[in-house]
Amino acid sequence: MCIWGAKGPLLEPIMLKQIFFPLLALMLSFQCHAEYEEINWDTLVPEKARVILKQTKPRIVDHTGSKASQELSPGYSMFEESLAGKRVRLPGFVVPLEGDNKKIYSFFLVPYFGACIHVPPPPPNQLVHVTTEQGVDFVDINTPIWVEGTMKLESTKHALGYAGYALSLEQHRVYEGY
């Protein structure tokens, strides 16, 4: 079968198999990867908060867990509202919250290894509460991963920290190249 134009065949069957179908597959693969906007941890801090943080005296990290050590600049309690409802891809480390020996159903995604294990935890605009009904195979907390899913502005309080963002996990994979 040929695809015909006004002056004869436009594409011979062999051209369909060798050019058209691979090109179509390539275009579809780009579309799948374009579904998620790749963001980084700075994206989670709105510009208004950056201005406040630049004007604020840096806090001294106190690992005693005292209430004073956990007081934050108002800039850390501001969230990037434009991320609500967006499908995003974000790298980070896993701090398991709920699960069993095989699956994790809820975890904090944090920007650096060891966050939330030590006191104080990262600020709320640097913690993402990730949930999945299917669960993910247990992830080594030393290994960074990419998470992909829909971002929400949603508060989660837990003994390990307070997250200002939530993400419904759709996909995840190991982050390579760090």
# chains A, B, ... in the order shown; residues from 1 in each chain; ligands from 1
call {"tool": "residues_around", "arguments": {"residues": "Leu109 of chain A", "least_positions_apart": "2", "cutoff": "10 Å", "atoms": "only C-alpha atoms", "output": "list of chain:residue names"}}
result
A:Leu90, A:Pro91, A:Gly92, A:Phe93, A:Val94, A:Val95, A:Pro96, A:Ser106, A:Phe107, A:Pro111, A:Tyr112, A:Ala115, A:Cys116, A:Gln126, A:Leu127, A:Val128, A:His129, A:Val130, A:Pro144, A:Ile145, A:Trp146, A:Val147, A:Ala163, A:Tyr165, A:Ala166, A:Leu167
call {"tool": "closest_residue", "arguments": {"among": "A:Tyr105, A:Phe79, A:Trp41, A:Tyr36", "to": "Glu133 of chain A", "atoms": "only C-alpha atoms"}}
result
A:Tyr105
call {"tool": "residues_around", "arguments": {"residues": "segment 97-99 of chain A", "least_positions_apart": "4", "cutoff": "9 Å", "atoms": "only C-alpha atoms", "output": "list in words"}}
result
Lys103, Ile104, Tyr105, Ser106, Phe107, Phe108, Gly135, Phe138, His158 and Leu160 of chain A
call {"tool": "residues_around", "arguments": {"residues": "Glu80 of chain A", "least_positions_apart": "3", "cutoff": "12 Å", "atoms": "only C-alpha atoms", "output": "list in words"}}
result
Ile39, Trp41, Asp42, Thr43, Leu44, Val45, Pro46, Glu47, Lys48, Ala49, Arg50, Gly75, Tyr76, Ser77, Leu83, Ala84, Gly85, Lys86, Pro124, Asn125, Gln126, Met151, Lys152, Leu153, Glu154, Gly164 and Tyr165 of chain A
call {"tool": "write_last_selection", "arguments": {"atoms": "N, CA and C atoms", "output": "CSV table (one decimal), in the first residue's frame"}}
result
chain,number,residue,atom,x,y,z
A,39,ILE,N,12.0,20.9,38.0
A,39,ILE,CA,12.3,22.1,38.9
A,39,ILE,C,13.4,21.7,39.9
A,41,TRP,N,15.2,22.9,44.0
A,41,TRP,CA,14.8,23.3,45.3
A,41,TRP,C,14.6,24.8,45.4
A,42,ASP,N,15.4,25.6,44.6
A,42,ASP,CA,15.2,27.0,44.6
A,42,ASP,C,13.8,27.4,44.1
A,43,THR,N,13.3,26.6,43.2
A,43,THR,CA,12.0,26.9,42.6
A,43,THR,C,10.9,26.9,43.7
A,44,LEU,N,11.1,26.2,44.8
A,44,LEU,CA,10.1,26.1,45.9
A,44,LEU,C,10.1,27.4,46.8
A,45,VAL,N,11.1,28.3,46.6
A,45,VAL,CA,11.1,29.5,47.4
A,45,VAL,C,10.7,30.7,46.5
A,46,PRO,N,9.5,31.3,46.8
A,46,PRO,CA,9.1,32.4,45.9
A,46,PRO,C,10.0,33.6,46.0
A,47,GLU,N,10.0,34.4,45.0
A,47,GLU,CA,10.9,35.6,44.9
A,47,GLU,C,10.7,36.5,46.1
A,48,LYS,N,9.5,36.7,46.6
A,48,LYS,CA,9.2,37.6,47.7
A,48,LYS,C,9.9,37.0,49.0
A,49,ALA,N,10.0,35.7,49.1
A,49,ALA,CA,10.7,35.1,50.3
A,49,ALA,C,12.2,35.3,50.2
A,50,ARG,N,12.7,35.3,48.9
A,50,ARG,CA,14.1,35.5,48.7
A,50,ARG,C,14.6,36.8,49.2
A,75,GLY,N,10.4,34.2,55.7
A,75,GLY,CA,10.6,33.8,54.3
A,75,GLY,C,10.5,32.3,54.1
A,76,TYR,N,10.8,31.5,55.1
A,76,TYR,CA,10.7,30.1,55.0
A,76,TYR,C,9.3,29.5,55.1
A,77,SER,N,8.4,30.4,55.4
A,77,SER,CA,7.0,30.0,55.5
A,77,SER,C,6.2,30.4,54.3
A,83,LEU,N,3.2,26.7,41.6
A,83,LEU,CA,3.4,25.2,41.5
A,83,LEU,C,2.2,24.4,41.8
A,84,ALA,N,1.2,25.0,42.4
A,84,ALA,CA,0.0,24.2,42.7
A,84,ALA,C,-0.7,23.6,41.5
A,85,GLY,N,-0.8,22.3,41.5
A,85,GLY,CA,-1.5,21.6,40.4
A,85,GLY,C,-0.6,21.3,39.2
A,86,LYS,N,0.7,21.7,39.3
A,86,LYS,CA,1.6,21.4,38.2
A,86,LYS,C,2.2,20.0,38.3
A,124,PRO,N,9.8,24.5,56.0
A,124,PRO,CA,8.6,24.0,55.3
A,124,PRO,C,8.7,24.1,53.8
A,125,ASN,N,9.3,25.2,53.3
A,125,ASN,CA,9.3,25.3,51.9
A,125,ASN,C,10.5,24.6,51.2
A,126,GLN,N,11.1,23.7,52.0
A,126,GLN,CA,12.2,22.8,51.5
A,126,GLN,C,11.9,21.4,51.8
A,151,MET,N,2.1,18.5,42.0
A,151,MET,CA,2.5,19.3,43.2
A,151,MET,C,1.2,19.9,43.8
A,152,LYS,N,1.2,20.0,45.1
A,152,LYS,CA,0.1,20.7,45.8
A,152,LYS,C,0.7,21.6,46.9
A,153,LEU,N,0.0,22.6,47.2
A,153,LEU,CA,0.4,23.4,48.4
A,153,LEU,C,-0.5,22.9,49.5
A,154,GLU,N,0.2,22.1,50.4
A,154,GLU,CA,-0.5,21.4,51.4
A,154,GLU,C,0.4,21.2,52.6
A,164,GLY,N,5.5,22.0,53.6
A,164,GLY,CA,4.5,23.0,53.0
A,164,GLY,C,4.0,22.6,51.6
A,165,TYR,N,4.7,21.5,51.1
A,165,TYR,CA,4.3,21.0,49.8
A,165,TYR,C,3.9,19.5,49.9
call {"tool": "atom_distance", "arguments": {"atom1": "atom CA of Lys102 of chain A", "atom2": "atom CA of Ala159 of chain A"}}
result
22.3 Å
call {"tool": "closest_residue", "arguments": {"among": "A:Glu170, A:Pro121, A:Gly149, A:Gly114", "to": "Gln134 of chain A", "atoms": "only C-alpha atoms"}}
result
A:Glu170
call {"tool": "select_by_dssp", "arguments": {"residues": "segment 65-151 of chain A", "states": "strand (DSSP E)", "output": "MDAnalysis selection string"}}
result
chainID A and resid 87:99 103:110 128:137 145:151
